[in-house]
file work33.csv (CSV, C-alpha atoms)
chain,number,residue,atom,x,y,z
A,1393,MET,CA,5.3,-52.5,9.4
A,1394,LEU,CA,7.9,-55.2,9.0
A,1395,GLN,CA,6.8,-57.7,6.4
A,1396,ILE,CA,8.6,-60.8,5.2
A,1397,HIS,CA,8.4,-61.8,1.6
A,1398,GLU,CA,6.5,-65.1,1.1
A,1399,CYS,CA,5.2,-65.2,4.6
A,1400,SER,CA,1.6,-66.2,4.3
A,1401,LEU,CA,0.6,-64.4,7.4
A,1402,CYS,CA,2.2,-61.2,6.1
A,1403,SER,CA,0.4,-61.4,2.8
A,1404,ASP,CA,-2.9,-62.7,3.9
A,1405,SER,CA,-5.2,-62.2,6.9
A,1406,GLY,CA,-5.1,-66.0,7.7
A,1407,GLY,CA,-8.8,-66.6,7.8
A,1408,GLU,CA,-12.1,-65.0,8.6
A,1409,LEU,CA,-11.5,-61.8,10.5
A,1410,ILE,CA,-13.3,-61.3,13.8
A,1411,TYR,CA,-11.4,-58.3,15.1
A,1412,LYS,CA,-8.4,-56.3,14.1
A,1413,ASN,CA,-6.4,-53.4,15.5
A,1414,GLU,CA,-3.0,-51.9,15.0
A,1415,GLU,CA,-1.2,-54.7,16.8
A,1416,TYR,CA,-3.0,-58.0,16.1
A,1417,ARG,CA,-6.0,-59.7,14.5
A,1418,VAL,CA,-8.3,-62.4,15.7
A,1419,ILE,CA,-9.4,-65.1,13.3
A,1420,TRP,CA,-12.1,-67.7,13.1
A,1421,VAL,CA,-10.4,-71.0,12.4
A,1422,ASN,CA,-12.9,-72.7,10.2
A,1423,ASP,CA,-12.4,-76.2,11.5
A,1424,PRO,CA,-15.6,-78.3,11.3
A,1425,ASP,CA,-14.3,-80.5,14.2
A,1426,TYR,CA,-13.5,-77.5,16.4
A,1427,PRO,CA,-16.1,-74.7,16.3
A,1428,GLY,CA,-14.8,-71.9,18.5
A,1429,PHE,CA,-11.2,-72.5,17.5
A,1430,ILE,CA,-9.6,-69.0,17.4
A,1431,ARG,CA,-6.3,-67.8,16.2
A,1432,ILE,CA,-4.6,-64.6,17.3
A,1433,ILE,CA,-2.1,-63.3,14.8
A,1434,LEU,CA,0.4,-60.5,15.4
A,1435,ASN,CA,0.2,-58.1,12.4
A,1436,GLN,CA,4.0,-57.5,12.4
A,1437,HIS,CA,6.3,-60.3,11.5
A,1438,PHE,CA,8.0,-61.6,14.6
A,1439,GLN,CA,8.9,-65.2,15.1
A,1440,GLU,CA,8.9,-65.8,18.9
A,1441,MET,CA,7.2,-64.2,21.9
A,1442,THR,CA,10.7,-63.3,23.1
A,1443,ASP,CA,11.4,-61.4,19.9
A,1444,LEU,CA,8.9,-58.8,21.3
A,1445,PRO,CA,9.8,-56.4,24.1
A,1446,LEU,CA,8.3,-57.9,27.4
A,1447,ALA,CA,5.6,-55.1,27.6
A,1448,LYS,CA,4.4,-56.0,24.1
A,1449,ALA,CA,4.4,-59.7,24.8
A,1450,VAL,CA,2.4,-59.1,28.0
A,1451,GLN,CA,0.0,-57.0,26.0
A,1452,LEU,CA,-0.5,-59.9,23.6
A,1453,PHE,CA,-0.8,-62.3,26.5
A,1454,LYS,CA,-3.7,-60.2,27.8
A,1455,VAL,CA,-5.5,-60.6,24.5
A,1456,ILE,CA,-5.1,-64.4,24.7
A,1457,PHE,CA,-6.5,-64.2,28.2
A,1458,LYS,CA,-9.5,-62.2,27.0
A,1459,VAL,CA,-10.2,-64.5,24.1
A,1460,GLU,CA,-10.0,-67.6,26.4
A,1461,LEU,CA,-12.5,-66.0,28.7
A,1462,VAL,CA,-15.0,-65.4,25.9
A,1463,ILE,CA,-14.5,-68.9,24.4
A,1464,ARG,CA,-15.2,-70.5,27.8
A,1465,GLU,CA,-18.3,-68.3,28.3
A,1466,VAL,CA,-19.7,-69.1,24.9
A,1467,TYR,CA,-18.6,-72.8,24.3
A,1468,HIS,CA,-18.3,-74.2,27.9
A,1469,PRO,CA,-15.5,-76.5,26.9
A,1470,ASP,CA,-14.1,-79.3,29.1
A,1471,LYS,CA,-10.6,-77.9,28.5
A,1472,ILE,CA,-8.8,-75.1,26.8
A,1473,ASN,CA,-5.7,-75.7,24.8
A,1474,LEU,CA,-3.3,-72.8,24.1
A,1475,ALA,CA,-0.4,-73.1,21.8
A,1476,SER,CA,2.1,-71.0,19.9
A,1477,LEU,CA,4.0,-73.3,17.5
A,1478,GLY,CA,4.6,-71.7,14.1
A,1479,ASN,CA,6.8,-74.4,12.8
A,1480,LEU,CA,5.2,-74.2,9.3
A,1481,VAL,CA,4.5,-70.4,9.4
A,1482,PRO,CA,7.0,-68.8,11.7
A,1483,HIS,CA,5.0,-65.6,12.1
A,1484,LEU,CA,3.8,-65.2,15.7
A,1485,HIS,CA,0.3,-66.6,16.2
A,1486,TRP,CA,-1.6,-68.3,19.0
A,1487,HIS,CA,-4.1,-71.2,18.8
A,1488,ILE,CA,-6.9,-71.1,21.4
A,1489,ILE,CA,-9.0,-74.3,21.1
A,1490,PRO,CA,-12.0,-75.4,23.1
A,1491,ARG,CA,-11.8,-79.1,23.8
A,1492,TYR,CA,-14.4,-81.7,24.9
A,1493,PHE,CA,-13.9,-85.1,26.4
A,1494,LYS,CA,-15.5,-86.7,23.4
A,1495,ASP,CA,-14.0,-84.6,20.7
A,1496,LYS,CA,-12.1,-86.0,17.7
A,1497,HIS,CA,-8.6,-86.1,19.4
A,1498,PHE,CA,-9.2,-86.0,23.1
A,1499,PRO,CA,-7.1,-86.4,25.2
A,1500,ASN,CA,-4.5,-85.9,22.5
A,1501,PRO,CA,-3.7,-82.4,21.2
A,1502,ILE,CA,-5.6,-81.7,18.0
A,1503,TRP,CA,-2.3,-82.4,16.1
A,1504,GLY,CA,-2.1,-85.9,17.5
A,1505,GLU,CA,-3.8,-89.1,16.8
A,1506,VAL,CA,-7.6,-89.2,16.2
A,1507,THR,CA,-9.3,-91.0,19.1
A,1508,ASN,CA,-13.0,-90.5,18.2
A,1509,SER,CA,-13.3,-90.6,14.4
A,1510,SER,CA,-17.1,-90.5,14.5
A,1511,TYR,CA,-17.2,-87.3,16.5
A,1512,ILE,CA,-19.5,-84.6,15.3
A,1513,PRO,CA,-19.7,-81.4,17.4
A,1514,GLU,CA,-23.0,-80.9,19.2
A,1515,PRO,CA,-25.4,-78.8,17.0
A,1516,TRP,CA,-25.6,-75.9,19.5
A,1517,LEU,CA,-21.8,-75.4,19.1
A,1518,LEU,CA,-22.5,-74.5,15.5
A,1519,LEU,CA,-25.1,-71.9,16.4
A,1520,THR,CA,-23.0,-69.6,18.6
A,1521,LYS,CA,-20.6,-68.1,16.1
A,1522,GLY,CA,-22.5,-64.8,16.0
A,1523,GLN,CA,-22.5,-64.6,19.7
A,1524,LEU,CA,-18.8,-65.3,19.8
A,1525,PHE,CA,-18.0,-62.6,17.3
A,1526,ASP,CA,-20.1,-60.1,19.2
A,1527,LYS,CA,-18.6,-60.9,22.6
A,1528,LEU,CA,-15.0,-60.9,21.2
A,1529,ASN,CA,-15.6,-57.5,19.6
A,1530,GLN,CA,-17.0,-56.1,22.9
A,1531,ILE,CA,-14.1,-57.3,25.1
A,1532,LEU,CA,-11.3,-56.6,22.6
A,1533,ALA,CA,-12.4,-53.1,21.7
A,1534,LYS,CA,-12.2,-52.0,25.4
B,33,MET,CA,-2.8,-74.7,49.1
B,34,LEU,CA,-5.6,-76.1,47.0
B,35,GLN,CA,-4.8,-79.7,46.1
B,36,ILE,CA,-6.9,-82.2,44.2
B,37,HIS,CA,-7.0,-85.8,45.2
B,38,GLU,CA,-5.5,-88.0,42.6
B,39,CYS,CA,-4.0,-85.2,40.5
B,40,SER,CA,-0.5,-86.3,39.7
B,41,LEU,CA,0.8,-82.7,39.6
B,42,CYS,CA,-0.6,-82.1,43.1
B,43,SER,CA,1.0,-85.2,44.6
B,44,ASP,CA,4.3,-85.2,42.7
B,45,SER,CA,6.8,-82.6,41.5
B,46,GLY,CA,6.3,-83.9,37.9
B,47,GLY,CA,10.0,-84.4,37.1
B,48,GLU,CA,13.5,-83.2,37.9
B,49,LEU,CA,13.3,-79.9,39.7
B,50,ILE,CA,15.2,-77.0,38.3
B,51,TYR,CA,13.7,-74.2,40.3
B,52,LYS,CA,10.8,-73.8,42.7
B,53,ASN,CA,9.2,-70.9,44.6
B,54,GLU,CA,5.9,-70.3,46.3
B,55,GLU,CA,3.9,-70.0,43.1
B,56,TYR,CA,5.4,-72.4,40.6
B,57,ARG,CA,8.1,-74.9,39.7
B,58,VAL,CA,10.3,-75.4,36.7
B,59,ILE,CA,10.9,-79.0,35.6
B,60,TRP,CA,13.5,-80.7,33.3
B,61,VAL,CA,11.4,-82.8,30.9
B,62,ASN,CA,13.6,-85.8,30.5
B,63,ASP,CA,12.9,-86.4,26.8
B,64,PRO,CA,15.9,-87.9,24.9
B,65,ASP,CA,14.6,-86.4,21.6
B,66,TYR,CA,14.1,-82.9,23.1
B,67,PRO,CA,16.9,-81.8,25.4
B,68,GLY,CA,16.0,-78.4,26.8
B,69,PHE,CA,12.3,-79.2,26.9
B,70,ILE,CA,11.1,-77.5,30.0
B,71,ARG,CA,7.8,-77.6,31.9
B,72,ILE,CA,6.5,-74.8,34.1
B,73,ILE,CA,4.0,-76.1,36.6
B,74,LEU,CA,1.8,-74.0,38.9
B,75,ASN,CA,2.0,-75.3,42.5
B,76,GLN,CA,-1.7,-74.7,43.2
B,77,HIS,CA,-4.3,-76.7,41.4
B,78,PHE,CA,-6.0,-74.5,38.7
B,79,GLN,CA,-7.1,-75.8,35.4
B,80,GLU,CA,-7.0,-72.9,33.0
B,81,MET,CA,-5.1,-69.6,32.8
B,82,THR,CA,-8.4,-67.8,33.1
B,83,ASP,CA,-9.0,-69.6,36.4
B,84,LEU,CA,-6.3,-67.3,37.7
B,85,PRO,CA,-6.8,-63.6,38.4
B,86,LEU,CA,-5.3,-61.7,35.5
B,87,ALA,CA,-2.4,-60.4,37.6
B,88,LYS,CA,-1.4,-63.9,38.5
B,89,ALA,CA,-1.7,-65.1,35.0
B,90,VAL,CA,0.5,-62.3,33.8
B,91,GLN,CA,3.0,-63.2,36.5
B,92,LEU,CA,3.1,-66.8,35.2
B,93,PHE,CA,3.4,-65.5,31.6
B,94,LYS,CA,6.5,-63.5,32.6
B,95,VAL,CA,8.0,-66.7,33.9
B,96,ILE,CA,7.3,-68.4,30.5
B,97,PHE,CA,9.0,-65.5,28.8
B,98,LYS,CA,12.1,-65.7,31.0
B,99,VAL,CA,12.4,-69.5,30.5
B,100,GLU,CA,12.0,-69.1,26.7
B,101,LEU,CA,14.8,-66.5,26.7
B,102,VAL,CA,17.1,-68.8,28.5
B,103,ILE,CA,16.3,-71.8,26.3
B,104,ARG,CA,17.0,-69.7,23.2
B,105,GLU,CA,20.3,-68.5,24.7
B,106,VAL,CA,21.5,-72.0,25.6
B,107,TYR,CA,20.0,-74.2,22.9
B,108,HIS,CA,19.8,-71.9,19.8
B,109,PRO,CA,16.7,-73.6,18.5
B,110,ASP,CA,15.2,-73.0,15.1
B,111,LYS,CA,11.8,-72.5,16.7
B,112,ILE,CA,10.2,-72.3,20.1
B,113,ASN,CA,7.0,-74.2,20.8
B,114,LEU,CA,4.8,-73.0,23.7
B,115,ALA,CA,1.7,-74.9,24.8
B,116,SER,CA,-0.7,-75.3,27.7
B,117,LEU,CA,-2.8,-78.3,27.0
B,118,GLY,CA,-3.5,-80.4,30.2
B,119,ASN,CA,-6.0,-82.7,28.6
B,120,LEU,CA,-4.5,-85.7,30.5
B,121,VAL,CA,-3.5,-83.8,33.6
B,122,PRO,CA,-5.8,-80.7,34.0
B,123,HIS,CA,-3.4,-78.9,36.4
B,124,LEU,CA,-2.1,-75.8,34.8
B,125,HIS,CA,1.4,-76.3,33.2
B,126,TRP,CA,3.2,-75.0,30.2
B,127,HIS,CA,5.5,-76.8,27.8
B,128,ILE,CA,8.4,-74.9,26.4
B,129,ILE,CA,10.1,-76.8,23.7
B,130,PRO,CA,13.2,-76.0,21.6
B,131,ARG,CA,12.6,-77.3,18.1
B,132,TYR,CA,15.0,-77.9,15.2
B,133,PHE,CA,14.3,-78.2,11.5
B,134,LYS,CA,15.7,-81.7,11.5
B,135,ASP,CA,14.2,-82.9,14.8
B,136,LYS,CA,12.0,-86.0,15.1
B,137,HIS,CA,8.6,-84.3,14.4
B,138,PHE,CA,9.5,-81.1,12.6
B,139,PRO,CA,7.4,-79.3,11.3
B,140,ASN,CA,4.7,-81.1,13.2
B,141,PRO,CA,4.2,-80.4,16.9
B,142,ILE,CA,5.9,-83.0,19.1
B,143,TRP,CA,2.5,-84.7,19.6
B,144,GLY,CA,2.1,-85.2,15.9
B,145,GLU,CA,3.4,-87.6,13.4
B,146,VAL,CA,7.1,-88.5,13.4
B,147,THR,CA,8.8,-87.1,10.3
B,148,ASN,CA,12.5,-87.9,11.0
B,149,SER,CA,12.6,-91.2,12.8
B,150,SER,CA,16.4,-91.5,12.7
B,151,TYR,CA,16.9,-88.1,14.4
B,152,ILE,CA,19.4,-88.0,17.2
B,153,PRO,CA,20.0,-84.6,18.9
B,154,GLU,CA,23.4,-83.1,18.2
B,155,PRO,CA,25.9,-84.1,21.0
B,156,TRP,CA,26.4,-80.5,22.2
B,157,LEU,CA,22.7,-80.3,23.1
B,158,LEU,CA,23.2,-83.0,25.7
B,159,LEU,CA,26.1,-81.2,27.3
B,160,THR,CA,24.3,-77.9,28.2
B,161,LYS,CA,22.0,-79.1,31.0
B,162,GLY,CA,24.1,-77.7,33.8
B,163,GLN,CA,24.4,-74.4,32.0
B,164,LEU,CA,20.6,-74.3,31.5
B,165,PHE,CA,20.0,-75.0,35.2
B,166,ASP,CA,22.4,-72.3,36.3
B,167,LYS,CA,20.9,-69.7,33.9
B,168,LEU,CA,17.3,-70.5,34.8
B,169,ASN,CA,18.1,-70.2,38.5
B,170,GLN,CA,19.8,-66.9,38.0
B,171,ILE,CA,17.0,-65.4,36.0
B,172,LEU,CA,14.1,-66.8,38.0
B,173,ALA,CA,15.5,-65.9,41.4
B,174,LYS,CA,15.5,-62.2,40.4
call {"tool": "encode", "arguments": {"input": "work33.csv", "output": "structure tokens"}}
result
Amino acid sequence: MLQIHECSLCSDSGGELIYKNEEYRVIWVNDPDYPGFIRIILNQHFQEMTDLPLAKAVQLFKVIFKVELVIREVYHPDKINLASLGNLVPHLHWHIIPRYFKDKHFPNPIWGEVTNSSYIPEPWLLLTKGQLFDKLNQILAK
Amino acid sequence: MLQIHECSLCSDSGGELIYKNEEYRVIWVNDPDYPGFIRIILNQHFQEMTDLPLAKAVQLFKVIFKVELVIREVYHPDKINLASLGNLVPHLHWHIIPRYFKDKHFPNPIWGEVTNSSYIPEPWLLLTKGQLFDKLNQILAK
């Protein structure tokens, strides 16, 4: 497997592992403001989606699609945000973020200005982690 | 075609049109800091990728892939940023942004804090718009 010296996503899992196979891993992003924030990380070091052959990129996209489905089912967000940025760590990974109208940055992206500094996620959002892990494992193992 | 009253992307093209077909349109985002910033907008009003049937979502993903390929070919960016947010306008659209190490927000997302306030895109980046339009039309009409 191609690995790049000093790439943190080559040397480290990148967070709490929910699911892993030969191609990619799914990580719980432990952000207290955004429970249900998930990262999908390609195991091999590629920088851009278009560094992959189209078939592999589509395969990865289908994983994003499945993860989004599960996040919506478990967290009932007002909006889903999807992003592949990698400016700091140019190792292909996707952010999948459930957003709420009253969350800390809404309507900004989570990388933008804080709009609701007193926001605390509703308590039930903190209780569904186990359910999320179970459902993701079910759908991704298929 | 499903249209939502008062959705700005249902009532308006959303910018300078590069290419349009039955399913989607490709728009030149006229951002002086980010020449080559492209938006792909679904014509029909859907909010999330997972509101589409998987086959339609994959079809849209393949358009993103093609547009990314062309942007890389024409603009030679240091990084590509992909995002589907839609917090302000919840009508499915994708941002495809060529990024450079010295650009206005690098390594932040373009919605984050400015890091290089004196940044001016290199002159050649402003001269390739016609080439971008031609290449996108060629690849998307296939």
call {"tool": "closest_residue", "arguments": {"input": "work33.csv", "among": "B:Gly46, B:Pro130, B:Gly68, B:Gly144", "to": "chain A", "atoms": "only C-alpha atoms"}}
result
B:Gly144
call {"tool": "interface_residues", "arguments": {"input": "work33.csv", "of": "chain B", "to": "chain A", "cutoff": "6 Å", "atoms": "all atoms listed in the file", "output": "PyMOL selection string"}}
result
chain B and resi 113-117+119-120+139+143-144
call {"tool": "atom_distance", "arguments": {"input": "work33.csv", "atom1": "atom CA of Asp1423 of chain A", "atom2": "atom CA of Asp1495 of chain A"}}
result
12.6 Å
call {"tool": "residues_around", "arguments": {"input": "work33.csv", "residues": "Ile72 of chain B", "least_positions_apart": "3", "cutoff": "6 Å", "atoms": "all atoms listed in the file", "output": "list in words"}}
result
Arg57, Val58, His125 and Trp126 of chain B
call {"tool": "closest_residue", "arguments": {"input": "work33.csv", "among": "B:Asp65, B:Glu55, B:His123, B:Pro109", "to": "Ser43 of chain B", "atoms": "all atoms listed in the file"}}
result
B:His123
call {"tool": "atom_distance", "arguments": {"input": "work33.csv", "atom1": "atom CA of Tyr1411 of chain A", "atom2": "atom CA of Lys1527 of chain A"}}
result
10.7 Å
call {"tool": "residues_around", "arguments": {"input": "work33.csv", "residues": "Ile36 of chain B", "least_positions_apart": "5", "cutoff": "10 Å", "atoms": "all atoms listed in the file", "output": "compact mmCIF listing (two decimals) with C-alpha atoms, keeping the file's coordinate frame"}}
result
# COMPACT_ATOMS: atom_id res chain seq x y z
CA LEU B 41 0.80 -82.70 39.60
CA CYS B 42 -0.60 -82.10 43.10
CA SER B 43 1.00 -85.20 44.60
CA GLN B 76 -1.70 -74.70 43.20
CA HIS B 77 -4.30 -76.70 41.40
CA PHE B 78 -6.00 -74.50 38.70
CA HIS B 123 -3.40 -78.90 36.40
call {"tool": "closest_residue", "arguments": {"input": "work33.csv", "among": "B:Glu48, B:Asn148, B:Val102, B:Pro64", "to": "Ile171 of chain B", "atoms": "all atoms listed in the file"}}
result
B:Val102
call {"tool": "atom_distance", "arguments": {"input": "work33.csv", "atom1": "atom CA of Ile1463 of chain A", "atom2": "atom CA of Lys88 of chain B"}}
result
19.9 Å
call {"tool": "residues_around", "arguments": {"input": "work33.csv", "residues": "Trp1516 of chain A", "least_positions_apart": "3", "cutoff": "12 Å", "atoms": "only C-alpha atoms", "output": "PyMOL selection string"}}
result
chain A and resi 1427-1428+1466-1468+1512-1513+1519-1521+1523
call {"tool": "residues_around", "arguments": {"input": "work33.csv", "residues": "Glu1414 of chain A", "least_positions_apart": "2", "cutoff": "8 Å", "atoms": "all atoms listed in the file", "output": "NGL selection string"}}
result
:A and (1412 or 1416 or 1435)
